[in-house]
file structure_29.txt (compact mmCIF, C-alpha atoms)
# COMPACT_ATOMS: atom_id res chain seq x y z
CA MET A 1 20.53 26.31 12.15
CA ASN A 2 17.51 27.44 10.20
CA GLU A 3 15.96 30.56 11.75
CA ILE A 4 12.43 29.08 11.85
CA VAL A 5 13.79 25.98 13.56
CA ARG A 6 15.69 28.11 16.08
CA LYS A 7 12.65 30.20 16.96
CA ASP A 8 10.44 27.15 17.34
CA ILE A 9 12.93 25.38 19.59
CA LEU A 10 13.18 28.53 21.73
CA PHE A 11 9.39 28.56 22.02
CA VAL A 12 9.32 24.87 22.97
CA PHE A 13 12.11 25.23 25.55
CA LYS A 14 10.39 28.22 27.16
CA ARG A 15 7.18 26.23 27.59
CA ALA A 16 9.07 23.11 28.68
CA ILE A 17 10.87 25.00 31.45
CA ARG A 18 7.51 26.19 32.77
CA ALA A 19 5.91 22.77 32.39
CA VAL A 20 8.68 20.95 34.26
CA LYS A 21 8.54 23.56 37.03
CA ARG A 22 4.79 23.08 37.41
CA GLY A 23 4.90 19.32 36.84
CA ASP A 24 2.50 19.85 33.94
CA VAL A 25 2.78 16.47 32.22
CA ALA A 26 0.04 17.11 29.64
CA GLU A 27 1.79 20.28 28.50
CA LEU A 28 5.07 18.39 28.03
CA LYS A 29 3.29 15.87 25.81
CA ARG A 30 1.68 18.66 23.80
CA ILE A 31 4.87 20.57 23.18
CA SER A 32 6.79 17.42 22.24
CA ASN A 33 4.86 17.53 18.96
CA MET A 34 5.59 21.17 18.25
CA THR A 35 8.82 20.58 16.37
CA ILE A 36 7.39 17.74 14.27
CA HIS A 37 6.30 20.07 11.44
CA ASN A 38 9.86 21.35 11.21
CA ALA A 39 11.29 17.84 11.57
CA SER A 40 9.13 16.72 8.63
CA THR A 41 9.93 19.76 6.50
CA TYR A 42 13.57 20.50 7.23
CA GLN A 43 14.43 16.98 8.38
CA ASP A 44 17.07 18.49 10.66
CA SER A 45 18.55 16.72 13.64
CA ASP A 46 17.80 19.64 16.02
CA SER A 47 14.01 19.49 15.58
CA ILE A 48 14.09 15.70 15.85
CA THR A 49 16.26 15.74 18.98
CA VAL A 50 14.02 18.27 20.73
CA ALA A 51 10.88 16.26 19.91
CA VAL A 52 12.52 13.11 21.33
CA VAL A 53 13.97 14.70 24.47
CA ILE A 54 10.75 16.51 25.44
CA TYR A 55 8.68 13.38 24.83
CA ALA A 56 11.10 11.33 26.97
CA LEU A 57 10.80 13.99 29.67
CA TYR A 58 7.02 13.74 29.48
CA LYS A 59 7.22 9.96 29.83
CA ILE A 60 9.52 10.11 32.85
CA CYS A 61 7.42 12.72 34.59
CA SER A 62 4.15 10.94 33.88
CA ARG A 63 5.52 7.64 35.20
CA CYS A 64 7.08 9.11 38.27
CA PHE A 65 4.27 11.46 39.18
CA ALA A 66 1.60 8.87 38.43
CA LYS A 67 3.14 6.34 40.74
CA GLU A 68 3.91 9.03 43.29
CA ARG A 69 6.94 7.01 44.21
CA ALA A 70 9.47 9.50 43.04
CA ALA A 71 7.43 12.64 43.21
CA ALA A 72 8.39 13.22 46.78
CA SER A 73 11.91 11.91 46.39
CA LYS A 74 14.54 14.57 46.77
CA ASP A 75 16.80 12.74 44.34
CA PHE A 76 14.19 12.79 41.64
CA VAL A 77 13.52 16.47 42.20
CA LYS A 78 17.26 17.05 41.98
CA CYS A 79 17.42 15.21 38.65
CA LEU A 80 14.52 17.25 37.32
CA GLU A 81 16.20 20.43 38.50
CA ASN A 82 19.33 19.44 36.58
CA ILE A 83 17.24 18.95 33.46
CA GLN A 84 15.61 22.31 34.04
CA ILE A 85 19.03 23.93 34.33
CA GLN A 86 20.05 22.41 31.01
CA LEU A 87 16.79 23.53 29.41
CA LYS A 88 17.48 27.07 30.61
CA LYS A 89 21.10 26.90 29.45
CA GLY A 90 20.01 25.53 26.08
CA TYR A 91 17.48 28.34 25.80
CA ARG A 92 20.06 31.02 26.55
CA PHE A 93 22.67 29.57 24.19
CA LEU A 94 20.16 29.29 21.41
CA GLN A 95 19.00 32.85 22.01
CA LYS A 96 22.60 33.99 21.58
CA ARG A 97 23.07 31.65 18.61
CA LYS A 98 25.81 29.75 20.41
CA TYR A 99 24.98 26.52 18.62
CA GLU A 100 27.84 24.36 19.91
CA ASP A 101 27.05 25.28 23.51
CA TYR A 102 23.38 24.64 22.84
CA LYS A 103 24.16 21.17 21.53
CA SER A 104 26.29 20.44 24.59
CA ALA A 105 23.40 21.45 26.86
CA VAL A 106 21.06 19.09 24.99
CA LYS A 107 23.64 16.32 25.27
CA VAL A 108 23.86 16.84 29.04
CA MET A 109 20.06 16.76 29.14
CA PHE A 110 20.11 13.30 27.55
CA GLU A 111 22.69 12.22 30.13
CA ASP A 112 20.52 13.57 32.96
CA ILE A 113 17.57 11.64 31.59
CA LYS A 114 19.68 8.49 31.52
CA GLU A 115 20.77 9.17 35.09
CA ILE A 116 17.15 8.93 36.18
CA GLU A 117 17.22 5.36 34.94
CA ASP A 118 20.10 4.51 37.23
CA GLU A 119 18.60 6.37 40.16
CA PHE A 120 15.05 5.13 39.93
CA GLY A 121 15.30 1.89 38.01
CA LEU A 122 13.21 3.21 35.15
CA TYR A 123 14.00 1.80 31.75
CA ILE A 124 14.83 5.18 30.30
CA THR A 125 16.88 3.74 27.46
CA GLU A 126 13.60 2.11 26.52
CA VAL A 127 11.79 5.42 27.05
CA LEU A 128 14.19 7.19 24.70
CA LYS A 129 13.75 4.45 22.13
CA GLN A 130 9.97 4.64 22.47
CA ALA A 131 10.20 8.41 22.08
CA ARG A 132 12.05 7.93 18.79
CA ILE A 133 9.48 5.43 17.53
CA LYS A 134 6.60 7.67 18.59
CA LYS A 135 8.08 10.70 16.84
CA GLY A 136 8.93 8.58 13.78
CA SER A 137 5.27 7.63 13.53
CA LYS A 138 4.31 11.31 13.76
CA ILE A 139 6.62 12.14 10.88
CA TYR A 140 5.13 9.24 8.88
CA GLU A 141 1.69 10.63 9.68
CA HIS A 142 2.83 13.94 8.19
CA GLY A 143 3.34 12.24 4.82
CA ILE A 144 7.01 11.26 4.95
CA SER A 145 7.55 7.59 4.03
CA ALA A 146 8.05 4.99 6.74
CA GLY A 147 11.56 4.22 5.48
CA ARG A 148 12.61 7.86 5.52
CA ALA A 149 11.02 8.48 8.94
CA ALA A 150 12.84 5.45 10.38
CA GLU A 151 16.10 6.65 8.86
CA MET A 152 15.65 10.15 10.31
CA LEU A 153 14.97 8.85 13.81
CA GLY A 154 17.65 6.16 13.69
CA ILE A 155 15.20 3.35 14.38
CA SER A 156 14.48 0.18 12.45
CA LEU A 157 11.60 0.04 9.99
CA TRP A 158 10.41 -3.07 11.84
CA GLU A 159 9.84 -1.14 15.04
CA LEU A 160 8.16 1.72 13.23
CA MET A 161 5.78 -0.48 11.22
CA ASP A 162 4.86 -2.39 14.35
CA TYR A 163 4.01 0.89 16.08
CA VAL A 164 2.09 2.61 13.26
CA GLY A 165 -0.08 -0.47 12.88
CA HIS A 166 -1.56 0.34 16.27
CA THR A 167 -2.27 3.98 15.45
CA LYS A 168 -5.09 5.67 13.57
CA ILE A 169 -2.78 6.72 10.73
CA PRO A 170 -4.16 4.23 8.15
CA GLU A 171 -7.69 5.44 8.92
CA GLN A 172 -6.95 9.04 8.04
CA LYS A 173 -8.52 10.59 4.98
CA PRO A 174 -7.91 10.90 2.12
CA ILE A 175 -5.94 7.73 1.57
CA VAL A 176 -8.25 5.41 -0.33
CA THR A 177 -6.93 5.80 -3.85
CA LYS A 178 -8.67 2.85 -5.46
CA PRO A 179 -11.86 0.89 -4.72
CA MET A 180 -11.20 -2.43 -3.00
CA ARG A 181 -13.00 -4.33 -5.75
CA GLU A 182 -10.57 -2.94 -8.34
CA ARG A 183 -7.56 -3.72 -6.15
CA LEU A 184 -8.66 -7.32 -5.79
CA LYS A 185 -9.33 -7.62 -9.51
CA GLU A 186 -5.79 -6.43 -10.25
CA ALA A 187 -4.32 -8.81 -7.69
CA ARG A 188 -6.28 -11.75 -9.11
CA GLU A 189 -5.05 -10.91 -12.61
CA LEU A 190 -1.48 -11.05 -11.34
CA PHE A 191 -1.93 -14.49 -9.84
CA GLY A 192 -4.20 -15.85 -12.54
CA GLY A 193 -6.99 -16.38 -10.06
CA LYS A 194 -10.79 -16.02 -10.35
CA LYS A 195 -11.90 -13.04 -12.41
CA MET B 196 7.02 -13.06 -17.54
CA THR B 197 5.01 -11.66 -14.63
CA SER B 198 6.97 -10.26 -11.73
CA ILE B 199 6.44 -8.40 -8.47
CA VAL B 200 9.03 -6.32 -6.66
CA PHE B 201 8.71 -6.27 -2.88
CA ASP B 202 9.17 -3.35 -0.53
CA ALA B 203 10.40 -3.92 3.01
CA SER B 204 7.05 -2.82 4.49
CA THR B 205 5.10 -5.74 2.97
CA ILE B 206 7.69 -8.29 4.02
CA ILE B 207 7.69 -6.85 7.55
CA SER B 208 3.88 -7.07 7.81
CA LEU B 209 3.88 -10.68 6.64
CA ALA B 210 6.82 -11.62 8.85
CA MET B 211 5.27 -10.08 11.94
CA THR B 212 2.01 -11.93 11.34
CA ASN B 213 3.89 -15.18 10.77
CA THR B 214 2.42 -15.52 7.27
CA LEU B 215 5.51 -15.14 5.10
CA TRP B 216 5.06 -18.76 4.11
CA ILE B 217 2.06 -17.86 1.86
CA LEU B 218 4.56 -16.39 -0.60
CA ARG B 219 5.79 -19.87 -1.59
CA PRO B 220 2.45 -21.11 -2.97
CA LEU B 221 1.67 -17.62 -4.27
CA LYS B 222 4.90 -17.65 -6.25
CA LYS B 223 3.74 -20.85 -7.97
CA LYS B 224 0.45 -19.15 -8.87
CA LEU B 225 2.31 -16.09 -10.12
CA LYS B 226 4.25 -18.07 -12.69
CA GLY B 227 6.92 -15.42 -12.54
CA GLU B 228 9.47 -13.80 -10.28
CA MET B 229 9.25 -12.22 -6.86
CA TYR B 230 12.11 -9.74 -6.59
CA LEU B 231 13.81 -8.43 -3.51
CA PRO B 232 15.96 -5.38 -4.31
CA GLU B 233 19.32 -5.26 -2.56
CA GLU B 234 18.36 -2.24 -0.45
CA VAL B 235 15.23 -4.03 0.73
CA LYS B 236 17.27 -7.12 1.53
CA LYS B 237 19.46 -4.97 3.78
CA GLU B 238 16.37 -3.76 5.67
CA VAL B 239 14.62 -7.11 6.05
CA ILE B 240 17.56 -9.50 6.36
CA ASP B 241 21.00 -7.99 6.89
CA ARG B 242 20.16 -5.44 9.61
CA PRO B 243 17.65 -7.43 11.70
CA LEU B 244 19.95 -10.44 11.53
CA HIS B 245 22.30 -8.50 13.79
CA SER B 246 19.68 -7.40 16.30
CA PRO B 247 18.08 -9.81 18.74
CA LYS B 248 14.53 -8.49 18.33
CA PHE B 249 13.82 -9.40 14.71
CA LYS B 250 16.49 -12.02 14.08
CA LEU B 251 14.00 -14.87 13.76
CA GLU B 252 11.90 -12.92 11.25
CA ALA B 253 15.05 -12.11 9.25
CA LEU B 254 15.89 -15.81 9.13
CA GLN B 255 12.40 -16.56 7.84
CA VAL B 256 12.85 -14.04 5.03
CA LEU B 257 16.29 -15.47 4.33
CA SER B 258 14.79 -18.93 3.91
CA LEU B 259 12.60 -17.50 1.14
CA VAL B 260 15.73 -16.28 -0.60
CA ALA B 261 17.45 -19.62 -0.05
CA ASP B 262 14.61 -21.63 -1.58
CA GLY B 263 14.33 -19.31 -4.57
CA THR B 264 10.98 -17.74 -3.71
CA PHE B 265 12.72 -14.37 -3.72
CA LYS B 266 15.28 -13.44 -6.29
CA ILE B 267 17.64 -10.63 -5.33
CA TYR B 268 17.54 -7.71 -7.73
CA GLU B 269 21.01 -6.23 -7.87
CA LYS B 270 21.46 -2.55 -7.20
CA LYS B 271 23.93 -2.05 -10.06
CA GLU B 272 21.12 -2.79 -12.49
CA THR B 273 18.98 0.00 -11.09
CA LEU B 274 21.51 2.68 -10.16
CA ALA B 275 20.93 5.10 -13.03
CA LYS B 276 17.16 4.76 -12.90
CA GLU B 277 17.17 5.11 -9.14
CA GLU B 278 19.15 8.32 -9.34
CA PHE B 279 16.78 9.74 -11.92
CA LEU B 280 13.68 8.81 -9.88
CA ARG B 281 15.25 10.14 -6.74
CA THR B 282 15.84 13.50 -8.36
CA LEU B 283 12.18 13.60 -9.38
CA VAL B 284 10.80 12.62 -5.96
CA ASP B 285 13.22 14.79 -3.99
CA ASN B 286 12.20 17.76 -6.09
CA MET B 287 8.44 17.27 -6.26
CA PHE B 288 6.90 18.83 -3.14
CA PHE B 289 7.97 22.32 -2.14
CA ALA B 290 7.16 23.79 1.28
CA ARG B 291 8.63 26.54 3.46
CA GLY B 292 11.33 27.39 0.97
CA ARG B 293 12.61 23.90 0.27
CA TYR B 294 11.82 20.58 -1.37
CA LEU B 295 10.68 17.83 0.95
CA LYS B 296 12.45 14.49 0.98
CA VAL B 297 9.41 12.27 1.26
CA ALA B 298 10.87 8.87 0.43
CA HIS B 299 13.79 6.67 1.42
CA ALA B 300 16.47 5.45 -0.98
CA GLY B 301 15.25 1.87 -0.50
CA GLU B 302 11.72 2.76 -1.52
CA ILE B 303 12.88 4.62 -4.62
CA GLY B 304 15.25 1.76 -5.41
CA MET B 305 12.34 -0.67 -5.19
CA VAL B 306 10.35 1.35 -7.75
CA ALA B 307 13.45 1.60 -9.96
CA ALA B 308 13.86 -2.18 -9.80
CA ALA B 309 10.21 -2.65 -10.80
CA ILE B 310 10.65 -0.39 -13.82
CA MET B 311 13.92 -2.01 -14.87
CA ALA B 312 12.52 -5.52 -14.45
CA ASN B 313 9.40 -4.49 -16.35
CA SER B 314 7.34 -5.75 -13.42
CA GLU B 315 3.57 -5.64 -13.35
CA ALA B 316 3.40 -4.74 -9.70
CA VAL B 317 5.12 -3.67 -6.54
CA ALA B 318 4.15 -4.92 -3.10
CA ILE B 319 4.03 -2.01 -0.65
CA ASP B 320 2.30 -1.73 2.72
CA GLU B 321 3.43 1.72 3.74
CA ARG B 322 1.27 4.64 2.71
CA THR B 323 3.57 7.30 1.26
CA THR B 324 5.27 5.30 -1.50
CA ARG B 325 1.92 3.77 -2.47
CA LEU B 326 0.39 7.24 -2.79
CA LEU B 327 3.39 8.41 -4.80
CA ILE B 328 2.65 5.67 -7.31
CA GLU B 329 -1.13 5.71 -7.31
CA ASN B 330 -1.96 9.35 -6.76
CA PRO B 331 0.83 11.75 -5.81
CA MET B 332 -1.64 14.65 -5.57
CA GLN B 333 -3.23 12.94 -2.59
CA LEU B 334 0.14 12.91 -0.93
CA GLU B 335 0.39 16.63 -1.58
CA ARG B 336 -2.94 17.10 0.22
CA ILE B 337 -1.77 15.08 3.22
CA LEU B 338 1.47 17.04 3.42
CA GLU B 339 -0.42 20.31 3.17
CA SER B 340 -2.96 19.48 5.84
CA LYS B 341 -0.45 17.99 8.25
CA LEU B 342 2.29 20.56 7.84
CA HIS B 343 -0.27 23.39 7.97
CA THR B 344 1.43 25.14 5.11
CA ASP B 345 1.13 25.56 1.35
CA VAL B 346 2.79 22.75 -0.51
CA LYS B 347 3.62 23.50 -4.10
CA VAL B 348 4.05 20.74 -6.63
CA ASN B 349 6.74 20.72 -9.26
CA LYS B 350 4.36 19.67 -12.00
CA LYS B 351 7.08 18.82 -14.50
CA ASN B 352 8.73 16.40 -12.11
CA MET B 353 5.41 14.94 -11.06
CA GLU B 354 4.44 14.31 -14.67
CA LEU B 355 7.79 12.68 -15.42
CA TRP B 356 7.40 10.51 -12.33
CA LYS B 357 3.85 9.55 -13.25
CA ARG B 358 5.04 8.56 -16.71
CA GLU B 359 7.74 6.37 -15.17
CA VAL B 360 5.35 4.53 -12.86
CA SER B 361 2.34 4.43 -15.16
CA GLY B 362 0.84 0.97 -15.37
CA LEU B 363 2.60 -0.20 -12.24
CA LYS B 364 0.11 -1.90 -9.94
CA VAL B 365 0.38 -1.86 -6.18
CA VAL B 366 -0.52 -4.80 -3.97
CA ARG B 367 -0.41 -4.85 -0.20
CA SER B 368 0.00 -7.79 2.13
CA ALA B 369 -3.78 -7.55 2.57
CA GLU B 370 -4.43 -8.30 -1.12
CA LEU B 371 -1.85 -11.09 -1.03
CA GLY B 372 -3.79 -12.56 1.87
CA VAL B 373 -7.09 -12.36 -0.01
CA ILE B 374 -5.57 -14.16 -3.00
CA ALA B 375 -4.12 -16.79 -0.66
CA PHE B 376 -7.59 -17.17 0.84
CA GLU B 377 -9.31 -17.47 -2.55
CA GLU B 378 -6.73 -19.95 -3.80
CA GLY B 379 -7.14 -22.20 -0.78
CA ILE B 380 -3.67 -21.45 0.54
CA LEU B 381 -5.11 -20.57 3.96
CA GLU B 382 -7.05 -23.86 4.15
CA GLN B 383 -4.67 -25.08 6.83
CA TYR B 384 -6.39 -22.73 9.27
CA MET B 385 -9.82 -24.09 8.38
CA ASP B 386 -9.71 -27.48 10.00
CA PRO B 387 -13.30 -28.67 10.73
CA ALA B 388 -12.03 -29.79 14.14
CA VAL B 389 -11.23 -26.15 14.89
CA GLN B 390 -14.67 -25.04 13.73
CA LYS B 391 -16.22 -27.38 16.28
CA LEU B 392 -14.38 -25.53 19.01
CA ILE B 393 -15.61 -22.04 18.20
CA ASP B 394 -18.92 -20.24 17.73
CA LEU B 395 -17.58 -18.00 14.99
CA PRO B 396 -17.72 -18.78 11.27
CA LEU B 397 -14.20 -20.10 10.70
CA LYS B 398 -13.77 -19.06 7.06
CA ARG B 399 -14.68 -15.47 7.78
CA SER B 400 -12.59 -15.45 10.93
CA VAL B 401 -9.50 -16.62 9.05
CA LEU B 402 -9.70 -13.88 6.44
CA GLU B 403 -10.76 -11.20 8.90
CA GLY B 404 -7.99 -12.28 11.25
CA PHE B 405 -5.42 -12.18 8.46
CA LEU B 406 -6.45 -8.70 7.32
CA TRP B 407 -6.50 -7.24 10.82
CA ALA B 408 -3.18 -8.83 11.66
CA THR B 409 -1.53 -7.18 8.66
CA LYS B 410 -3.22 -3.86 9.45
CA LEU B 411 -1.94 -3.98 13.02
CA SER B 412 1.53 -4.77 11.69
CA GLY B 413 1.62 -1.58 9.67
CA CYS B 414 -0.20 -2.36 6.42
CA ALA B 415 -1.94 0.87 5.36
CA ILE B 416 -5.43 -0.55 4.97
CA THR B 417 -8.53 0.99 6.54
CA SER B 418 -11.08 -0.86 8.66
CA LYS B 419 -13.64 0.16 6.02
CA GLU B 420 -11.60 -1.61 3.34
CA ILE B 421 -11.45 -4.73 5.49
CA LYS B 422 -15.24 -4.72 5.83
CA GLU B 423 -15.49 -4.23 2.07
CA VAL B 424 -13.29 -7.29 1.42
CA LEU B 425 -15.47 -9.43 3.67
CA ARG B 426 -18.54 -8.20 1.79
CA ILE B 427 -16.97 -8.92 -1.59
CA GLU B 428 -16.03 -12.41 -0.45
CA LYS B 429 -19.64 -12.88 0.76
CA LEU B 430 -18.55 -14.09 4.14
CA LYS B 431 -21.39 -13.99 6.62
CA ARG B 432 -21.01 -13.33 10.31
call {"tool": "encode", "arguments": {"input": "structure_29.txt", "output": "C-alpha cells"}}
result
Amino acid sequence: MNEIVRKDILFVFKRAIRAVKRGDVAELKRISNMTIHNASTYQDSDSITVAVVIYALYKICSRCFAKERAAASKDFVKCLENIQIQLKKGYRFLQKRKYEDYKSAVKVMFEDIKEIEDEFGLYITEVLKQARIKKGSKIYEHGISAGRAAEMLGISLWELMDYVGHTKIPEQKPIVTKPMRERLKEARELFGGKK
Amino acid sequence: MTSIVFDASTIISLAMTNTLWILRPLKKKLKGEMYLPEEVKKEVIDRPLHSPKFKLEALQVLSLVADGTFKIYEKKETLAKEEFLRTLVDNMFFARGRYLKVAHAGEIGMVAAAIMANSEAVAIDERTTRLLIENPMQLERILESKLHTDVKVNKKNMELWKREVSGLKVVRSAELGVIAFEEGILEQYMDPAVQKLIDLPLKRSVLEGFLWATKLSGCAITSKEIKEVLRIEKLKR
C-alpha cells in the first residue's frame, strides 16, 4: 500500500472511530470524502473501499438516528459496536502494516453493515450501492472520466450518469470550452441544416 | 462521407430521456454513418441487457443497431490506434509522483474509432473526454483544483494527442436535440391540441424540456448554456 494512502486511511479511521462513538453523523459524511483525492490519484482499491464503507456507515447512522427507531435499540448499538471494533482493529493492523489483517477487518466491517440490513430491515445493499455511485460521482467531479470512475467503483455507467445529472458537477467552472453559438453552427454543418 | 462516432454517455442520456428515436431521422439528415464502437456497444447493450434496471433501454439501443441507424465499428480496426492514444492519455497528467489514468478504455476506443473512420465528430455527453478533445489544459486545471495538488502536463504527449484529435468536433445530446428541433423532428410534441391545454409556450417548452432532460440524465451542459440556446432560437417565454 502506498504510504500516503496508508496515512490518510489511518487518519480517516481515527476520526471515524470517534464519530461513531459520538454518533456524529455529519463528521462521518465529511470524512467519507477524505480518501477521494487519493482514490482519484492512485486509483487504488483501498482508498475507494474506505470512502464507500464510511459513507455507508454515515447513511445507516443518519437513517437510524433520524428515525430514532433504532437509536435506542440495544441490537443496533451492538451492531455499531461491532463496526467500531473492526474500525479499531483495522486501524491497529494498518499502523503495524499488517495489510492482510487490515483487509480482513474491512471485510468484516462490510459484513457487519450488511447484518444491520437483516436486523433492522434497512436496504443496506442499496445503501452500499448508493455509496459507490456517490463516490463515483465525486471521482468524476475530480476530473476522472465517467467511464473510468464507473469502472473503478464497479458500477454501471448508466447509474453514474443518472446520478451526476442531478448534481452541480456540470455547472462547475471552468468547463465551457466553446460558445454555444459555435457549437450549434458546427452541429448544423454536420446535419446540413440552417446556417 | 460524413460520420459521427458515439460514446456511451450520449446514448445513455438519450435513452434515459426516451429520445433515442430522434437518431433515426437525424441519420437521414446526416447523409452518412453513425458508428457505435464495440466497447461502447458492450456498455450500452451487452451489459444492461443482463441487468433488470436498464434492459428496456438496452433493447431500444439494440433496435437502432438492428435497423441500421448504428453501424458497429469493430475493435480490431482500432486496436493499434487505441493503444497509441491510450499511452498518450495515460501519460499526460502527472500528480503526486504518478500519471493519472483519466479516461476509460471505451472512451479512448471511441476516439480511436473516430480517427480511423475519418469522422467529422464524436458524440460525447460526459465532461472529461470532451475536455480532452476540446481543451486538455482545462482538464489539467480541474484536476489541479480538485486534487489540491500540482498537476504537471507531459507537453509532448499532449501535443501528440492534440494533433491526433485536431479537427474532431464534439456534439452532445443537447446539440442533437437542438438540430432535431430545428429540423422539425420534435414536431410530434407540438400538437396544437396540447398547446390548448397549457399556459406555457409549447415550442419553447419542448426544447427547454429536452435540454433539461438530457442535462439531468448526465449531459455535461450548464444551465447558462441552456438559456443561451433558447435565446439563440428566439423562443419567448
call {"tool": "axis_aligned_box", "arguments": {"input": "structure_29.txt", "around": "region 357-369 of chain B", "padding_each_side": "6 Å", "output": "lines of an AutoDock Vina configuration file"}}
result
center_x = 2.0
center_y = 0.9
center_z = -7.1
size_x = 23.5
size_y = 29.3
size_z = 31.3
call {"tool": "atom_distance", "arguments": {"input": "structure_29.txt", "atom1": "CA of Ile133 (chain A)", "atom2": "CA of Arg30 (chain A)"}}
result
16.6 Å
call {"tool": "residues_around", "arguments": {"input": "structure_29.txt", "residues": "Ala375 (chain B)", "least_positions_apart": "5", "cutoff": "8 Å", "atoms": "only C-alpha atoms", "output": "ChimeraX atom specification"}}
result
/B:217,221,380-381
call {"tool": "closest_residue", "arguments": {"input": "structure_29.txt", "among": "B:Phe201, B:Phe249, B:Phe288, B:Trp407", "to": "Val348 (chain B)", "atoms": "only C-alpha atoms"}}
result
B:Phe288
call {"tool": "interface_residues", "arguments": {"input": "structure_29.txt", "of": "chain B", "to": "chain A", "cutoff": "6 Å", "atoms": "all atoms listed in the file", "output": "list of chain:residue names"}}
result
B:Lys224, B:Leu225, B:Leu295, B:Val297, B:Ala298, B:His299, B:Thr323, B:Leu338, B:Lys341, B:Leu342, B:Lys410, B:Leu411, B:Ser412, B:Gly413, B:Ala415, B:Ile416, B:Thr417
call {"tool": "closest_residue", "arguments": {"input": "structure_29.txt", "among": "B:Ala312, B:Val424, B:Leu397, B:Leu327", "to": "Glu182 (chain A)", "atoms": "all atoms listed in the file"}}
result
B:Val424
call {"tool": "residues_around", "arguments": {"input": "structure_29.txt", "residues": "Ser32 (chain A)", "least_positions_apart": "3", "cutoff": "12 Å", "atoms": "only C-alpha atoms", "output": "ChimeraX atom specification"}}
result
/A:8-9,11-13,15-16,19,25-29,35-37,39,47-59,131-132,134-135,138
call {"tool": "atom_distance", "arguments": {"input": "structure_29.txt", "atom1": "CA of Lys107 (chain A)", "atom2": "CA of Gly23 (chain A)"}}
result
22.2 Å
call {"tool": "atom_distance", "arguments": {"input": "structure_29.txt", "atom1": "CA of Ile328 (chain B)", "atom2": "CA of Thr197 (chain B)"}}
result
19.0 Å
call {"tool": "residues_around", "arguments": {"input": "structure_29.txt", "residues": "Asp202 (chain B)", "least_positions_apart": "3", "cutoff": "6 Å", "atoms": "all atoms listed in the file", "output": "VMD selection string"}}
result
chain B and resid 205 318 to 319
call {"tool": "build_atoms", "arguments": {"input": "structure_29.txt", "residues": "region 74-87 of chain A", "atoms": "N, CA and C atoms", "output": "compact mmCIF listing (two decimals), keeping the file's coordinate frame"}}
result
# COMPACT_ATOMS: atom_id res chain seq x y z
N LYS A 74 13.65 13.41 46.97
CA LYS A 74 14.54 14.57 46.77
C LYS A 74 15.47 14.33 45.58
N ASP A 75 15.89 13.06 45.43
CA ASP A 75 16.80 12.74 44.34
C ASP A 75 16.16 12.98 42.98
N PHE A 76 14.88 12.59 42.91
CA PHE A 76 14.19 12.79 41.64
C PHE A 76 14.04 14.28 41.33
N VAL A 77 13.67 15.02 42.37
CA VAL A 77 13.52 16.47 42.20
C VAL A 77 14.86 17.07 41.76
N LYS A 78 15.92 16.55 42.33
CA LYS A 78 17.26 17.05 41.98
C LYS A 78 17.55 16.79 40.49
N CYS A 79 17.21 15.56 40.06
CA CYS A 79 17.42 15.21 38.65
C CYS A 79 16.61 16.13 37.74
N LEU A 80 15.37 16.37 38.13
CA LEU A 80 14.52 17.25 37.32
C LEU A 80 15.07 18.67 37.30
N GLU A 81 15.61 19.08 38.43
CA GLU A 81 16.20 20.43 38.50
C GLU A 81 17.38 20.54 37.55
N ASN A 82 18.18 19.45 37.50
CA ASN A 82 19.33 19.44 36.58
C ASN A 82 18.86 19.59 35.14
N ILE A 83 17.78 18.87 34.82
CA ILE A 83 17.24 18.95 33.46
C ILE A 83 16.74 20.37 33.18
N GLN A 84 16.10 20.94 34.19
CA GLN A 84 15.61 22.31 34.04
C GLN A 84 16.76 23.29 33.77
N ILE A 85 17.85 23.06 34.51
CA ILE A 85 19.03 23.93 34.33
C ILE A 85 19.53 23.84 32.89
N GLN A 86 19.58 22.59 32.38
CA GLN A 86 20.05 22.41 31.01
C GLN A 86 19.08 23.03 30.00
N LEU A 87 17.79 22.91 30.30
CA LEU A 87 16.79 23.53 29.41
C LEU A 87 17.01 25.04 29.36
